[in-house]
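Asker: Here you go, target-v5.pdb (PDB, C-alpha atoms and all ligand atoms):
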ATOM      1  CA  MET T 141      -1.817   0.611  -7.130
ATOM      2  CA  SER T 142      -3.599   3.946  -6.947
ATOM      3  CA  THR T 143      -3.955   6.182  -3.884
ATOM      4  CA  LEU T 144      -7.284   7.077  -2.289
ATOM      5  CA  ASN T 145      -6.122  10.575  -1.327
ATOM      6  CA  ASP T 146      -9.046  13.007  -1.831
ATOM      7  CA  LYS T 147     -11.467  10.203  -2.723
ATOM      8  CA  VAL T 148     -14.846  10.103  -0.955
ATOM      9  CA  ILE T 149     -16.467   6.703  -0.400
ATOM     10  CA  VAL T 150     -19.964   6.068   0.966
ATOM     11  CA  VAL T 151     -20.213   3.044   3.284
ATOM     12  CA  THR T 152     -23.728   1.830   4.112
ATOM     13  CA  GLY T 153     -23.955   0.098   7.474
ATOM     14  CA  GLY T 154     -20.720   1.936   8.255
ATOM     15  CA  SER T 155     -21.469   2.502  11.929
ATOM     16  CA  GLN T 156     -20.261  -0.879  13.256
ATOM     17  CA  GLY T 157     -19.025  -4.381  12.381
ATOM     18  CA  PHE T 158     -17.667  -4.903   8.856
ATOM     19  CA  GLY T 159     -18.770  -1.411   7.770
ATOM     20  CA  LEU T 160     -16.784   0.387  10.458
ATOM     21  CA  ALA T 161     -13.711  -1.774   9.731
ATOM     22  CA  ILE T 162     -14.090  -1.014   5.994
ATOM     23  CA  ALA T 163     -14.326   2.722   6.762
ATOM     24  CA  ARG T 164     -11.173   2.470   8.895
ATOM     25  CA  ALA T 165      -9.266   0.642   6.155
ATOM     26  CA  LEU T 166     -10.333   3.167   3.477
ATOM     27  CA  ILE T 167      -9.332   6.127   5.667
ATOM     28  CA  ALA T 168      -5.944   4.462   6.279
ATOM     29  CA  GLN T 169      -5.431   4.623   2.494
ATOM     30  CA  GLY T 170      -6.240   8.347   2.390
ATOM     31  CA  ALA T 171     -10.004   8.324   1.660
ATOM     32  CA  LYS T 172     -12.778  10.233   3.357
ATOM     33  CA  VAL T 173     -15.928   8.260   4.182
ATOM     34  CA  GLY T 174     -19.657   9.004   4.331
ATOM     35  CA  LEU T 175     -21.480   6.596   6.637
ATOM     36  CA  ILE T 176     -25.157   5.653   6.265
ATOM     37  CA  SER T 177     -27.142   3.556   8.734
ATOM     38  CA  ARG T 178     -30.329   3.979  10.768
ATOM     39  CA  SER T 179     -29.170   4.759  14.321
ATOM     40  CA  GLN T 180     -27.872   8.346  14.648
ATOM     41  CA  LYS T 181     -26.365   7.477  18.035
ATOM     42  CA  THR T 182     -24.213   4.639  16.635
ATOM     43  CA  LEU T 183     -23.241   6.808  13.657
ATOM     44  CA  ASP T 184     -22.102   9.612  15.991
ATOM     45  CA  LYS T 185     -19.912   7.134  17.906
ATOM     46  CA  ALA T 186     -18.393   5.882  14.645
ATOM     47  CA  VAL T 187     -17.611   9.416  13.389
ATOM     48  CA  GLN T 188     -15.971  10.188  16.729
ATOM     49  CA  ALA T 189     -13.862   7.011  16.499
ATOM     50  CA  LEU T 190     -12.839   7.653  12.865
ATOM     51  CA  GLY T 191     -12.292  11.412  13.246
ATOM     52  CA  ALA T 192     -14.669  14.153  12.101
ATOM     53  CA  GLY T 193     -12.200  15.350   9.443
ATOM     54  CA  ALA T 194     -12.282  11.985   7.658
ATOM     55  CA  ALA T 195     -15.833  10.805   8.361
ATOM     56  CA  PHE T 196     -19.329  12.258   8.005
ATOM     57  CA  ALA T 197     -22.614  10.483   8.735
ATOM     58  CA  ALA T 198     -26.190  10.738   7.482
ATOM     59  CA  ALA T 199     -28.890   8.502   8.966
ATOM     60  CA  ALA T 200     -31.195   6.605   6.597
ATOM     61  CA  ASP T 201     -32.855   3.245   6.079
ATOM     62  CA  VAL T 202     -31.356   1.910   2.831
ATOM     63  CA  ALA T 203     -34.645   0.149   2.058
ATOM     64  CA  ASP T 204     -36.221   3.607   1.587
ATOM     65  CA  PRO T 205     -35.091   5.004  -1.807
ATOM     66  CA  ALA T 206     -35.951   8.653  -0.993
ATOM     67  CA  ALA T 207     -34.196   8.522   2.400
ATOM     68  CA  VAL T 208     -31.045   6.947   1.006
ATOM     69  CA  LYS T 209     -30.883   9.554  -1.796
ATOM     70  CA  GLN T 210     -31.227  12.328   0.769
ATOM     71  CA  ALA T 211     -28.373  10.825   2.829
ATOM     72  CA  VAL T 212     -26.123  10.458  -0.236
ATOM     73  CA  ASP T 213     -26.856  14.067  -1.230
ATOM     74  CA  ALA T 214     -25.957  15.240   2.301
ATOM     75  CA  ILE T 215     -22.610  13.392   2.086
ATOM     76  CA  ALA T 216     -21.917  14.876  -1.353
ATOM     77  CA  ALA T 217     -22.792  18.367  -0.061
ATOM     78  CA  HIS T 218     -20.411  17.888   2.889
ATOM     79  CA  PHE T 219     -17.383  16.605   0.939
ATOM     80  CA  GLY T 220     -18.151  18.036  -2.517
ATOM     81  CA  ARG T 221     -17.807  14.702  -4.332
ATOM     82  CA  ILE T 222     -18.414  10.931  -4.183
ATOM     83  CA  ASP T 223     -16.038   8.462  -5.867
ATOM     84  CA  GLY T 224     -17.181   5.141  -4.469
ATOM     85  CA  LEU T 225     -19.849   3.160  -2.667
ATOM     86  CA  VAL T 226     -19.602   0.142  -0.368
ATOM     87  CA  ASN T 227     -23.000  -1.553  -0.126
ATOM     88  CA  ASN T 228     -22.485  -3.179   3.262
ATOM     89  CA  ALA T 229     -25.758  -2.690   5.199
ATOM     90  CA  GLY T 230     -27.484  -6.029   5.572
ATOM     91  CA  ILE T 231     -29.848  -7.900   7.832
ATOM     92  CA  ALA T 232     -30.861 -11.509   8.537
ATOM     93  CA  ARG T 233     -33.617 -13.295  10.444
ATOM     94  CA  PRO T 234     -33.188 -17.052  11.096
ATOM     95  CA  ASP T 235     -35.989 -19.524  10.384
ATOM     96  CA  PRO T 236     -36.409 -22.811   8.507
ATOM     97  CA  LEU T 237     -37.989 -22.029   5.112
ATOM     98  CA  ALA T 238     -41.174 -23.831   6.225
ATOM     99  CA  GLU T 239     -41.737 -21.138   8.852
ATOM    100  CA  VAL T 240     -40.450 -17.870   7.337
ATOM    101  CA  SER T 241     -42.969 -15.024   7.796
ATOM    102  CA  ALA T 242     -43.908 -12.584   5.040
ATOM    103  CA  ALA T 243     -42.680  -9.715   7.231
ATOM    104  CA  ASP T 244     -39.163 -11.209   7.629
ATOM    105  CA  PHE T 245     -39.044 -12.132   3.911
ATOM    106  CA  ASN T 246     -39.893  -8.544   2.931
ATOM    107  CA  LEU T 247     -37.451  -7.088   5.486
ATOM    108  CA  MET T 248     -34.487  -9.112   4.171
ATOM    109  CA  TRP T 249     -35.276  -8.536   0.487
ATOM    110  CA  GLY T 250     -35.998  -4.840   1.111
ATOM    111  CA  VAL T 251     -32.696  -4.145   2.884
ATOM    112  CA  ASN T 252     -30.297  -6.662   1.290
ATOM    113  CA  VAL T 253     -31.449  -6.315  -2.330
ATOM    114  CA  GLY T 254     -33.529  -3.109  -2.431
ATOM    115  CA  GLY T 255     -30.963  -1.260  -0.295
ATOM    116  CA  VAL T 256     -28.124  -2.158  -2.684
ATOM    117  CA  LEU T 257     -30.141  -0.990  -5.686
ATOM    118  CA  TRP T 258     -31.299   2.301  -4.128
ATOM    119  CA  ALA T 259     -27.854   3.259  -2.782
ATOM    120  CA  SER T 260     -26.232   2.400  -6.126
ATOM    121  CA  GLN T 261     -28.766   4.551  -8.004
ATOM    122  CA  ALA T 262     -28.250   7.440  -5.582
ATOM    123  CA  VAL T 263     -24.448   7.598  -6.014
ATOM    124  CA  LEU T 264     -24.376   7.104  -9.800
ATOM    125  CA  PRO T 265     -24.555  10.797 -10.832
ATOM    126  CA  TRP T 266     -21.550  11.475  -8.557
ATOM    127  CA  LEU T 267     -19.577   8.394  -9.624
ATOM    128  CA  ARG T 268     -19.906   9.410 -13.270
ATOM    129  CA  LYS T 269     -17.856  12.558 -12.418
ATOM    130  CA  SER T 270     -15.063  10.594 -10.661
ATOM    131  CA  ASP T 271     -11.737   9.665 -12.282
ATOM    132  CA  ASN T 272     -11.688   6.193 -10.615
ATOM    133  CA  PRO T 273     -15.240   5.244  -9.618
ATOM    134  CA  ARG T 274     -16.185   1.964  -7.936
ATOM    135  CA  ILE T 275     -19.072   0.119  -6.303
ATOM    136  CA  VAL T 276     -18.211  -2.748  -3.932
ATOM    137  CA  THR T 277     -21.070  -4.839  -2.517
ATOM    138  CA  ILE T 278     -20.769  -7.110   0.510
ATOM    139  CA  THR T 279     -22.568 -10.385  -0.187
ATOM    140  CA  SER T 280     -22.111 -13.584   1.846
ATOM    141  CA  ALA T 281     -20.433 -16.974   1.582
ATOM    142  CA  SER T 282     -23.824 -18.406   2.596
ATOM    143  CA  ALA T 283     -24.913 -17.740  -1.009
ATOM    144  CA  ARG T 284     -22.653 -20.638  -2.081
ATOM    145  CA  HIS T 285     -21.783 -22.697   1.026
ATOM    146  CA  ASP T 286     -24.262 -24.599   3.206
ATOM    147  CA  ASP T 287     -21.927 -24.771   6.237
ATOM    148  CA  GLU T 288     -21.963 -21.031   7.082
ATOM    149  CA  MET T 289     -25.082 -21.066   9.342
ATOM    150  CA  SER T 290     -28.417 -22.911   9.432
ATOM    151  CA  HIS T 291     -31.902 -21.421   8.891
ATOM    152  CA  LEU T 292     -30.664 -18.516   6.760
ATOM    153  CA  GLY T 293     -32.184 -19.677   3.455
ATOM    154  CA  ILE T 294     -33.917 -16.394   2.632
ATOM    155  CA  TYR T 295     -30.903 -14.327   3.708
ATOM    156  CA  ALA T 296     -28.581 -16.504   1.573
ATOM    157  CA  SER T 297     -30.971 -16.121  -1.383
ATOM    158  CA  THR T 298     -30.915 -12.319  -1.097
ATOM    159  CA  LYS T 299     -27.105 -12.407  -1.185
ATOM    160  CA  ALA T 300     -27.115 -14.711  -4.237
ATOM    161  CA  ALA T 301     -29.579 -12.311  -5.893
ATOM    162  CA  VAL T 302     -27.405  -9.316  -5.172
ATOM    163  CA  GLU T 303     -24.366 -11.007  -6.732
ATOM    164  CA  ARG T 304     -26.411 -11.443  -9.919
ATOM    165  CA  LEU T 305     -27.488  -7.802  -9.636
ATOM    166  CA  MET T 306     -23.806  -6.798  -9.535
ATOM    167  CA  ILE T 307     -23.073  -8.802 -12.703
ATOM    168  CA  GLU T 308     -25.803  -6.816 -14.471
ATOM    169  CA  LEU T 309     -24.669  -3.483 -13.009
ATOM    170  CA  ARG T 310     -21.067  -4.193 -14.069
ATOM    171  CA  GLN T 311     -22.234  -4.569 -17.678
ATOM    172  CA  GLU T 312     -24.471  -1.486 -17.574
ATOM    173  CA  LEU T 313     -21.694   0.681 -16.112
ATOM    174  CA  LEU T 314     -18.823  -0.421 -18.376
ATOM    175  CA  VAL T 315     -19.581   2.596 -20.530
ATOM    176  CA  ASP T 316     -18.959   4.871 -17.517
ATOM    177  CA  GLY T 317     -15.737   3.098 -16.482
ATOM    178  CA  ILE T 318     -17.240   2.231 -13.096
ATOM    179  CA  GLY T 319     -15.753  -0.893 -11.464
ATOM    180  CA  VAL T 320     -18.323  -3.173  -9.811
ATOM    181  CA  THR T 321     -17.218  -5.796  -7.294
ATOM    182  CA  SER T 322     -18.894  -8.403  -5.057
ATOM    183  CA  VAL T 323     -16.990  -9.270  -1.878
ATOM    184  CA  SER T 324     -18.309 -12.431  -0.196
ATOM    185  CA  PRO T 325     -17.244 -12.857   3.440
ATOM    186  CA  GLY T 326     -17.459 -15.974   5.537
ATOM    187  CA  PHE T 327     -18.355 -15.836   9.218
ATOM    188  CA  ALA T 328     -16.822 -13.186  11.493
ATOM    189  CA  ALA T 329     -17.985 -12.280  14.983
ATOM    190  CA  THR T 330     -20.014  -9.024  14.877
ATOM    191  CA  ASP T 331     -23.351  -7.844  16.315
ATOM    192  CA  PHE T 332     -25.091  -9.220  13.210
ATOM    193  CA  ALA T 333     -27.316 -11.551  15.290
ATOM    194  CA  ALA T 334     -28.147  -8.903  17.932
ATOM    195  CA  GLY T 335     -31.680  -8.375  16.581
ATOM    196  CA  TRP T 336     -32.474 -12.101  16.284
ATOM    197  CA  ASP T 337     -35.056 -13.860  18.423
ATOM    198  CA  PHE T 338     -32.854 -15.712  20.938
ATOM    199  CA  ALA T 339     -34.771 -19.005  20.796
ATOM    200  CA  LYS T 340     -34.499 -18.999  16.978
ATOM    201  CA  LEU T 341     -30.779 -18.217  17.193
ATOM    202  CA  GLN T 342     -30.284 -21.182  19.557
ATOM    203  CA  ARG T 343     -32.318 -23.468  17.280
ATOM    204  CA  ALA T 344     -30.319 -22.397  14.191
ATOM    205  CA  ALA T 345     -27.007 -22.792  16.043
ATOM    206  CA  ALA T 346     -27.954 -26.308  17.219
ATOM    207  CA  ASP T 347     -28.831 -27.325  13.647
ATOM    208  CA  TRP T 348     -25.596 -25.723  12.405
ATOM    209  CA  ARG T 349     -23.527 -27.816  14.838
ATOM    210  CA  LYS T 350     -25.230 -30.970  13.535
ATOM    211  CA  ARG T 351     -24.721 -29.914   9.924
ATOM    212  CA  SER T 352     -20.976 -29.321  10.269
ATOM    213  CA  PRO T 353     -19.321 -29.685  13.685
ATOM    214  CA  GLU T 354     -16.279 -27.629  12.710
ATOM    215  CA  PHE T 355     -16.557 -23.896  13.124
ATOM    216  CA  PHE T 356     -14.193 -21.683  11.191
ATOM    217  CA  ASP T 357     -13.477 -18.878  13.569
ATOM    218  CA  GLY T 358     -10.286 -17.240  12.343
ATOM    219  CA  MET T 359     -11.587 -14.096  10.619
ATOM    220  CA  THR T 360     -11.912 -10.562  11.998
ATOM    221  CA  VAL T 361     -13.785  -7.564  10.621
ATOM    222  CA  ASP T 362     -10.411  -6.034   9.716
ATOM    223  CA  ASP T 363      -9.770  -8.906   7.288
ATOM    224  CA  ILE T 364     -12.823  -7.722   5.324
ATOM    225  CA  GLY T 365     -11.777  -4.074   5.744
ATOM    226  CA  ALA T 366      -8.457  -4.932   4.087
ATOM    227  CA  ALA T 367     -10.170  -6.932   1.305
ATOM    228  CA  VAL T 368     -12.479  -4.033   0.404
ATOM    229  CA  ALA T 369      -9.710  -1.407   0.583
ATOM    230  CA  HIS T 370      -7.707  -3.623  -1.800
ATOM    231  CA  CYS T 371     -10.581  -3.503  -4.330
ATOM    232  CA  PHE T 372     -10.412   0.314  -4.285
ATOM    233  CA  ALA T 373      -6.644   0.400  -4.846
ATOM    234  CA  TYR T 374      -6.667  -0.572  -8.545
ATOM    235  CA  PRO T 375      -6.151   2.075 -11.214
ATOM    236  CA  ARG T 376      -9.070   3.104 -13.457
ATOM    237  CA  GLY T 377      -9.824   0.432 -16.027
ATOM    238  CA  VAL T 378      -9.102  -2.533 -13.711
ATOM    239  CA  ALA T 379     -11.507  -4.049 -11.185
ATOM    240  CA  VAL T 380     -11.905  -7.112  -9.005
ATOM    241  CA  ASP T 381     -15.187  -8.710 -10.172
ATOM    242  CA  PHE T 382     -15.649 -11.140  -7.272
ATOM    243  CA  MET T 383     -13.709 -11.968  -4.118
ATOM    244  CA  GLU T 384     -14.582 -14.507  -1.424
ATOM    245  CA  VAL T 385     -12.761 -14.385   1.922
ATOM    246  CA  ARG T 386     -13.368 -17.191   4.438
ATOM    247  CA  PRO T 387     -11.590 -18.281   7.617
ATOM    248  CA  ILE T 388      -9.729 -21.601   7.371
ATOM    249  CA  ARG T 389      -8.779 -22.311  11.018
ATOM    250  CA  PRO T 390     -11.100 -25.024  12.397
ATOM    251  CA  GLN T 391     -12.559 -24.622  15.891
ATOM    252  CA  ILE T 392     -15.440 -26.259  17.733
ATOM    253  CA  LYS T 393     -18.711 -24.363  17.233
ATOM    254  CA  PRO T 394     -19.703 -22.367  20.328
ATOM    255  CA  GLU T 395     -22.813 -23.026  22.410
ATOM    256  CA  PHE T 396     -25.216 -20.057  22.366
TER     257      PHE T 396
HETATM  258  N1  LIG N   1     -20.829 -11.083  10.236
HETATM  259  C1  LIG N   1     -20.765 -12.049   9.355
HETATM  260  O1  LIG N   1     -20.356 -13.182   9.665
HETATM  261  C2  LIG N   1     -21.120 -11.795   7.923
HETATM  262  C3  LIG N   1     -20.775 -12.786   6.977
HETATM  263  C4  LIG N   1     -21.079 -12.555   5.638
HETATM  264  C5  LIG N   1     -21.671 -11.388   5.239
HETATM  265  N2  LIG N   1     -22.005 -10.439   6.175
HETATM  266  C6  LIG N   1     -22.617  -9.197   5.678
HETATM  267  O2  LIG N   1     -21.804  -8.124   6.103
HETATM  268  C7  LIG N   1     -22.599  -6.952   6.207
HETATM  269  C8  LIG N   1     -22.339  -6.286   7.546
HETATM  270  O3  LIG N   1     -22.712  -7.177   8.569
HETATM  271  P1  LIG N   1     -22.109  -7.118  10.057
HETATM  272  O4  LIG N   1     -21.791  -8.514  10.437
HETATM  273  O5  LIG N   1     -21.081  -6.064  10.165
HETATM  274  O6  LIG N   1     -23.463  -6.745  10.853
HETATM  275  P2  LIG N   1     -23.820  -5.608  11.931
HETATM  276  O7  LIG N   1     -22.762  -5.506  12.965
HETATM  277  O8  LIG N   1     -25.229  -5.937  12.328
HETATM  278  O9  LIG N   1     -23.825  -4.261  11.075
HETATM  279  C9  LIG N   1     -24.846  -3.981  10.153
HETATM  280  C10 LIG N   1     -24.797  -2.522   9.775
HETATM  281  O10 LIG N   1     -25.823  -2.267   8.830
HETATM  282  C11 LIG N   1     -26.677  -1.231   9.316
HETATM  283  N3  LIG N   1     -28.028  -1.475   8.840
HETATM  284  C12 LIG N   1     -28.821  -2.560   9.089
HETATM  285  N4  LIG N   1     -30.014  -2.409   8.495
HETATM  286  C13 LIG N   1     -29.978  -1.209   7.857
HETATM  287  C14 LIG N   1     -30.903  -0.485   7.080
HETATM  288  N5  LIG N   1     -32.142  -0.962   6.839
HETATM  289  N6  LIG N   1     -30.548   0.722   6.585
HETATM  290  C15 LIG N   1     -29.318   1.223   6.835
HETATM  291  N7  LIG N   1     -28.386   0.587   7.564
HETATM  292  C16 LIG N   1     -28.716  -0.624   8.071
HETATM  293  C17 LIG N   1     -26.534  -1.290  10.845
HETATM  294  O11 LIG N   1     -26.843  -0.049  11.489
HETATM  295  P3  LIG N   1     -28.346   0.308  12.016
HETATM  296  O12 LIG N   1     -28.859  -0.934  12.687
HETATM  297  O13 LIG N   1     -28.152   1.473  12.935
HETATM  298  O14 LIG N   1     -29.126   0.656  10.793
HETATM  299  C18 LIG N   1     -25.038  -1.579  10.946
HETATM  300  O15 LIG N   1     -24.295  -0.414  10.751
HETATM  301  C19 LIG N   1     -24.050  -7.391   5.992
HETATM  302  O16 LIG N   1     -24.439  -7.133   4.656
HETATM  303  C20 LIG N   1     -23.997  -8.899   6.217
HETATM  304  O17 LIG N   1     -25.006  -9.551   5.504
HETATM  305  C21 LIG N   1     -21.754 -10.624   7.507
END
If you took the structure in this file and wrote it as structure tokens, what would it be?
Answerer:
Amino acid sequence: MSTLNDKVIVVTGGSQGFGLAIARALIAQGAKVGLISRSQKTLDKAVQALGAGAAFAAAADVADPAAVKQAVDAIAAHFGRIDGLVNNAGIARPDPLAEVSAADFNLMWGVNVGGVLWASQAVLPWLRKSDNPRIVTITSASARHDDEMSHLGIYASTKAAVERLMIELRQELLVDGIGVTSVSPGFAATDFAAGWDFAKLQRAAADWRKRSPEFFDGMTVDDIGAAVAHCFAYPRGVAVDFMEVRPIRPQIKPEF
């Protein structure tokens, strides 16, 4: 397996949750990381936790192509190179399909699909100069499994769409030797639902308990950190195309 010493990897949504764990795992293998998310305050905390020598942050909304390019350019100016991208920033809003608003639909598609496209475009000129370039995109087991959570139909569709996007990108970038991977996590406890309307969260959780009473609760953010770091450890010319990581220890679903 190859070392990540001197490699610079951009992690969107790198300020907390899976993204912070991914940044930690990449740094443990020798990489430096550039974090992109919206809240400067949370980014500052993450850089402090990871160490300013190994981490640098630039605030941007990934749904805004100009802002994400500016953030990527700031990271490249700071470290002098970019070798990889982890498209991890993502957002969900729970509702039955019969009630989804146009605003929530556009938010999820803008961040989860648009954000992946804009960040990938922004890093490409840098990746083409790298000797082992890679793009890893965090999707979701909800794209394939209906027991992950209820009322996330639009969210799950954006993640299915982005997996198809990665298949296309993989083909387009073969000529550049850029590895393109989708990593599909199952449920792990993070602040992912922090922005959800509480009544809608409770309604979705109640439906979820009816749908499948068992709750698979064994995974931590570090399990996904390790999975993504593994994808970066292959030598040039070899890539993981798709990896799904789900907990397998049954528990009773919690009451919200
Ligand atoms: N937790 C799970 O069970 C689970 C399962 C499967 C897949 N996933 C996927 O894993 C990824 C990370 O989720 P998480 O659970 O770690 O959630 P989280 O704790 O809410 O973290 C999300 C991260 O993305 C950033 N972000 C959100 N919207 C953004 C935007 N428009 N532009 C830039 N950054 C943005 C957030 O920072 P700011 O809010 O400051 O922007 C934060 O750093 C997501 O793609 C999610 O869909 C999660």
Asker: Could you list, as a VMD selection string, all protein and nucleic acid residues with an atom at most 7 Å from ligand LIG 1 (chain N), counting all atoms listed in the file?
Answerer: chain T and resid 152 to 159 176 to 179 182 200 to 203 228 to 232 251 to 252 278 to 281 324 to 334
Asker: Work out how far apart CA of Met306 (chain T) and CA of Pro236 (chain T) are and give it in Å to one decimal.
Answerer: 27.2 Å
Asker: Evaluate the PyMOL selection byres (((chain T and resi 365-374) around 7) and not hetatm) on the structure here and hand back the selected residues as number ranges by chain.
Answerer: T: 141-143, 158, 161-162, 165-166, 361-364, 375-376, 378-380
Asker: As a check of understanding, name the residues that the PyMOL selection byres (((chain T and resi 338-342) around 9) and not hetatm) selects in the supplied structure, as a list in words.
Answerer: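 With the shown file as input, the PyMOL selection byres (((chain T and resi 338-342) around 9) and not hetatm) matches Arg233, Pro234, Asp235, His291, Ala333, Ala334, Gly335, Trp336, Asp337, Arg343, Ala344, Ala345, Ala346, Asp347, Glu395 and Phe396 of chain T.
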Asker: Which residue out of T:Asp271, T:Glu288, T:Asp381, T:Asp223 has the minimum interatomic distance to Arg349 (chain T) when all atoms listed in the file are used?
Answerer: T:Glu288
Asker: Take the PyMOL selection byres (((chain T and resi 246) around 12) and not hetatm), apply it to the structure above, and return the hits as a PyMOL selection string.
Answerer: chain T and resi 203+231-233+240-245+247-255+294-295+298
Asker: Mind dumping the selected residues with C-alpha atoms as a PDB file, in the coordinates of the input?
Answerer:
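New file again12.pdb:
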ATOM      1  CA  ALA T 203     -34.645   0.149   2.058  1.00  0.00           C
ATOM      2  CA  ILE T 231     -29.848  -7.900   7.832  1.00  0.00           C
ATOM      3  CA  ALA T 232     -30.861 -11.509   8.537  1.00  0.00           C
ATOM      4  CA  ARG T 233     -33.617 -13.295  10.444  1.00  0.00           C
ATOM      5  CA  VAL T 240     -40.450 -17.870   7.337  1.00  0.00           C
ATOM      6  CA  SER T 241     -42.969 -15.024   7.796  1.00  0.00           C
ATOM      7  CA  ALA T 242     -43.908 -12.584   5.040  1.00  0.00           C
ATOM      8  CA  ALA T 243     -42.680  -9.715   7.231  1.00  0.00           C
ATOM      9  CA  ASP T 244     -39.163 -11.209   7.629  1.00  0.00           C
ATOM     10  CA  PHE T 245     -39.044 -12.132   3.911  1.00  0.00           C
ATOM     11  CA  LEU T 247     -37.451  -7.088   5.486  1.00  0.00           C
ATOM     12  CA  MET T 248     -34.487  -9.112   4.171  1.00  0.00           C
ATOM     13  CA  TRP T 249     -35.276  -8.536   0.487  1.00  0.00           C
ATOM     14  CA  GLY T 250     -35.998  -4.840   1.111  1.00  0.00           C
ATOM     15  CA  VAL T 251     -32.696  -4.145   2.884  1.00  0.00           C
ATOM     16  CA  ASN T 252     -30.297  -6.662   1.290  1.00  0.00           C
ATOM     17  CA  VAL T 253     -31.449  -6.315  -2.330  1.00  0.00           C
ATOM     18  CA  GLY T 254     -33.529  -3.109  -2.431  1.00  0.00           C
ATOM     19  CA  GLY T 255     -30.963  -1.260  -0.295  1.00  0.00           C
ATOM     20  CA  ILE T 294     -33.917 -16.394   2.632  1.00  0.00           C
ATOM     21  CA  TYR T 295     -30.903 -14.327   3.708  1.00  0.00           C
ATOM     22  CA  THR T 298     -30.915 -12.319  -1.097  1.00  0.00           C
TER      23      THR T 298
END
Asker: Could you list as a PyMOL selection string every residue that has an atom within 6 Å of (-23.8, 9.5, 4.0), using the file's coordinates and counting only C-alpha atoms?
Answerer: chain T and resi 150+174-176+197-198+211-212+215
Asker: If you count only C-alpha atoms, which residues fall within 7 Å of Ala171 (chain T), apart from same-chain ones fewer than 2 positions away, as a VMD selection string?
Answerer: chain T and resid 144 to 149 166 to 167 169 173
Asker: Measuring between all atoms listed in the file, which one of T:Ser270, T:Gln210, T:Ser260, T:Ser297 shows the shortest distance to Arg284 (chain T)?
Answerer: T:Ser297
Asker: Env of region 314-318 of chain T: 9 Å cut, atoms = only C-alpha atoms, seq-sep filter 2 positions within chain, self excluded. Answer as number ranges by chain.
Answerer: T: 267-268, 270-275, 309-312, 320, 376-377, 379
Asker: I'd like the contact shell of Trp266 (chain T) - 8 Å cut-off, all atoms listed in the file, skipping same-chain residues fewer than 3 positions apart - returned as an MDAnalysis selection string.
Answerer: chainID T and resid 216 221:223 263 269:270
Asker: What is the CA of Ala199 (chain T) to CA of Glu303 (chain T) distance in Å?
Answerer: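 Between CA of Ala199 (chain T) and CA of Glu303 (chain T) the gap works out to 25.4 Å.
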